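Text of structure.csv, listed as CSV, C-alpha atoms:
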chain,number,residue,atom,x,y,z
A,1,MET,CA,-27.3,-38.3,-14.7
A,2,THR,CA,-26.1,-35.2,-12.9
A,3,ILE,CA,-24.8,-32.2,-14.7
A,4,ASN,CA,-23.2,-29.4,-12.8
A,5,ALA,CA,-23.1,-25.8,-13.9
A,6,THR,CA,-21.5,-22.6,-12.5
A,7,LEU,CA,-23.4,-19.3,-12.3
A,8,SER,CA,-21.3,-16.2,-12.5
A,9,ARG,CA,-21.7,-12.5,-13.1
A,10,ASN,CA,-19.6,-10.1,-15.1
A,11,PRO,CA,-17.7,-8.1,-12.5
A,12,SER,CA,-17.3,-5.1,-14.9
A,13,GLN,CA,-21.1,-4.6,-14.9
A,14,SER,CA,-22.8,-3.2,-11.8
A,15,THR,CA,-25.3,-5.5,-10.0
A,16,ARG,CA,-28.1,-4.0,-8.0
A,17,PRO,CA,-28.3,-5.5,-4.5
A,18,GLY,CA,-31.4,-7.5,-3.8
A,19,PHE,CA,-33.3,-10.8,-3.8
A,20,TYR,CA,-33.7,-12.5,-7.1
A,21,ALA,CA,-36.2,-15.4,-7.5
A,22,ILE,CA,-35.4,-17.7,-10.4
A,23,PRO,CA,-38.2,-20.1,-11.3
A,24,SER,CA,-37.6,-23.7,-12.2
A,25,LEU,CA,-36.5,-24.0,-15.8
A,26,SER,CA,-36.6,-26.6,-18.6
A,27,ALA,CA,-34.6,-24.4,-21.0
A,28,PHE,CA,-32.2,-26.9,-22.5
A,29,ARG,CA,-32.4,-30.2,-24.2
A,30,LEU,CA,-29.5,-32.6,-24.2
A,31,LYS,CA,-29.0,-34.0,-27.7
A,32,PRO,CA,-26.5,-36.6,-28.8
A,33,TYR,CA,-25.7,-34.7,-32.0
A,34,TYR,CA,-26.3,-31.2,-33.2
A,35,ASN,CA,-30.0,-30.8,-34.2
A,36,TYR,CA,-30.3,-34.6,-34.5
A,37,GLY,CA,-32.8,-36.7,-32.6
A,38,SER,CA,-34.3,-35.8,-29.3
A,39,GLY,CA,-32.9,-35.9,-25.8
A,40,PRO,CA,-34.0,-35.3,-22.3
A,41,LEU,CA,-34.8,-31.8,-21.0
A,42,LEU,CA,-32.4,-30.4,-18.5
A,43,THR,CA,-34.5,-29.1,-15.6
A,44,SER,CA,-33.3,-26.9,-12.8
A,45,PRO,CA,-35.2,-26.3,-9.6
A,46,ALA,CA,-36.4,-22.9,-8.5
A,47,ILE,CA,-33.8,-20.9,-6.5
A,48,ARG,CA,-33.5,-17.6,-4.7
A,49,LEU,CA,-30.3,-15.6,-5.0
A,50,GLN,CA,-29.4,-12.8,-2.7
A,51,TYR,CA,-26.7,-10.2,-3.4
A,52,VAL,CA,-25.7,-8.0,-0.5
A,53,PRO,CA,-22.7,-5.7,-0.8
A,54,THR,CA,-20.0,-6.1,1.9
A,55,CYS,CA,-20.5,-2.5,3.1
A,56,PHE,CA,-24.3,-3.1,3.7
A,57,VAL,CA,-24.1,-3.4,7.5
A,58,ARG,CA,-22.4,-0.9,9.8
A,59,PHE,CA,-21.9,-1.5,13.5
A,60,GLN,CA,-20.6,0.3,16.5
A,61,LEU,CA,-19.7,-0.5,20.2
A,62,ASP,CA,-20.8,1.8,23.0
A,63,LYS,CA,-17.2,2.0,24.3
A,64,ASN,CA,-13.8,2.2,22.7
A,65,ASN,CA,-12.1,-0.4,24.8
A,66,ILE,CA,-13.4,-3.7,26.3
A,67,ASN,CA,-10.9,-5.1,28.8
A,68,PHE,CA,-11.4,-8.6,29.9
A,69,GLY,CA,-8.1,-8.7,31.9
A,70,PRO,CA,-5.2,-11.1,31.4
A,71,VAL,CA,-5.6,-14.3,29.4
A,72,MET,CA,-5.0,-17.5,31.4
A,73,THR,CA,-4.0,-20.6,29.5
A,74,THR,CA,-3.3,-23.2,32.2
A,75,ASP,CA,-4.6,-24.1,35.7
A,76,VAL,CA,-7.8,-22.1,35.1
A,77,ASP,CA,-10.3,-22.3,37.9
A,78,SER,CA,-13.7,-22.8,36.2
A,79,SER,CA,-15.4,-20.6,38.8
A,80,PHE,CA,-13.4,-17.5,37.7
A,81,SER,CA,-15.5,-15.0,35.9
A,82,ARG,CA,-15.3,-11.4,34.9
A,83,ARG,CA,-18.1,-9.3,33.6
A,84,ASP,CA,-17.8,-6.2,31.3
A,85,ASN,CA,-21.1,-5.1,29.7
A,86,PHE,CA,-21.1,-3.5,26.3
A,87,THR,CA,-23.7,-2.9,23.6
A,88,VAL,CA,-23.3,-3.7,19.9
A,89,THR,CA,-25.5,-1.7,17.5
A,90,ALA,CA,-25.9,-2.7,13.9
A,91,ASP,CA,-28.0,-1.2,11.1
A,92,VAL,CA,-27.9,-0.4,7.4
A,93,ASN,CA,-25.0,1.7,6.2
A,94,PRO,CA,-26.7,4.5,4.2
A,95,ASN,CA,-23.4,5.3,2.5
A,96,CYS,CA,-23.0,1.8,1.1
A,97,ASN,CA,-23.4,1.4,-2.7
A,98,SER,CA,-24.4,5.0,-3.1
A,99,GLY,CA,-27.6,4.4,-1.2
A,100,GLN,CA,-28.9,1.9,-3.8
A,101,PHE,CA,-30.2,-1.2,-2.0
A,102,GLY,CA,-32.6,-2.7,-4.5
A,103,ASN,CA,-35.3,-4.6,-2.7
A,104,LEU,CA,-33.1,-5.5,0.3
A,105,LEU,CA,-34.7,-2.9,2.6
A,106,GLY,CA,-38.3,-4.0,1.8
A,107,GLY,CA,-37.7,-7.7,2.4
A,108,TYR,CA,-38.5,-10.7,0.3
A,109,THR,CA,-41.8,-12.4,-0.1
A,110,PRO,CA,-41.9,-15.5,-2.3
A,111,ASN,CA,-44.8,-15.8,-4.7
Hey, can you dump this file as structure tokens for me?
Amino acid sequence: MTINATLSRNPSQSTRPGFYAIPSLSAFRLKPYYNYGSGPLLTSPAIRLQYVPTCFVRFQLDKNNINFGPVMTTDVDSSFSRRDNFTVTADVNPNCNSGQFGNLLGGYTPN
């Protein structure tokens, strides 16, 4: 038998970003009638949740405009190439989530 459940959070409450380890659980017992008889334990495997705010990463390009020329859609010669070097830099956005990152910056080490 497979039972599916949905995990959700209350959006009106703030959630600290971070890694959350949830151990395997046998917290519920499936019974045929309220407080009558015994039933199988419902067991869930251990999982790791990760919550990262969308503003966590900031990035920048080393130039404002990258021009690859016209776009060709037919009769393209496969030997045609054009090169335009640019650099993408990405790091943690210190202004994200008022600077509160939980344990995201320290990394995650499973026990």
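Each of A:Pro11, A:Met1, A:Gln100, A:Thr6 was compared to A:Phe56 using only C-alpha atoms, and A:Gln100 turns out to be the nearest.
Those residues that approach A:Cys55 to within 12 Å, counting only C-alpha atoms, are A:Pro17, A:Tyr51, A:Phe59, A:Asp91, A:Val92, A:Asn93, A:Pro94, A:Asn95, A:Cys96, A:Asn97, A:Ser98, A:Gly99, A:Gln100, A:Phe101; same-chain residues fewer than 4 positions away are not listed.
Atom CA of A:Leu105 is found 24.2 Å from atom CA of A:Ser8.
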Name the closest residue to A:Ser26 among the candidates A:Gln60, A:Ser14, A:Thr87, A:Thr43; distances are taken between atoms, counting only C-alpha atoms.
A:Thr43
Between A:Ala90, A:Leu42, A:Gly102, A:Asn65, which is the closest to A:Ala5 once you count only C-alpha atoms?
A:Leu42
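Contact shell of A:Gln50 at 10 Å (all atoms listed in the file; same-chain neighbours under 5 positions omitted): Pro17, Gly18, Phe19, Tyr20, Ala21, Leu104 and Tyr108 of chain A.
The spacing separating atom CA of A:Ile47 from atom CA of A:Leu25 amounts to 10.2 Å.
The space separating atom CA of A:Asp62 from atom CA of A:Arg83 comes to 15.6 Å.
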Can you tell me which residues surround A:Arg29 at a distance of at most 8 Å, considering all atoms listed in the file, apart from same-chain residues fewer than 4 positions away, and format the answer as a VMD selection string?
chain A and resid 38 to 42
Residue nearest A:Phe86 - candidates A:Asn67, A:Leu61, A:Thr54, A:Arg16, atoms counted: only C-alpha atoms
A:Leu61
Subset file: stretch 49-72 of chain A, C-alpha atoms, as a compact mmCIF listing (two decimals), in the first residue's frame:
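Okay, decode-v5.txt is ready:
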# COMPACT_ATOMS: atom_id res chain seq x y z
CA LEU A 49 14.96 19.71 2.61
CA GLN A 50 16.66 22.82 1.31
CA TYR A 51 15.05 26.25 1.30
CA VAL A 52 16.88 28.94 -0.66
CA PRO A 53 15.26 32.35 -1.27
CA THR A 54 15.04 33.39 -4.93
CA CYS A 55 17.20 36.46 -4.22
CA PHE A 56 20.07 34.34 -2.82
CA VAL A 57 22.37 34.50 -5.86
CA ARG A 58 23.43 37.67 -7.62
CA PHE A 59 25.32 37.69 -10.88
CA GLN A 60 26.89 40.15 -13.26
CA LEU A 61 28.44 40.21 -16.72
CA ASP A 62 31.69 42.01 -17.44
CA LYS A 63 30.09 43.91 -20.35
CA ASN A 64 26.69 45.47 -20.97
CA ASN A 65 26.17 44.13 -24.48
CA ILE A 66 27.12 40.80 -26.04
CA ASN A 67 26.62 40.91 -29.80
CA PHE A 68 26.65 37.60 -31.63
CA GLY A 69 25.62 39.20 -34.93
CA PRO A 70 22.61 38.30 -37.09
CA VAL A 71 20.66 35.12 -36.52
CA MET A 72 20.66 32.71 -39.45
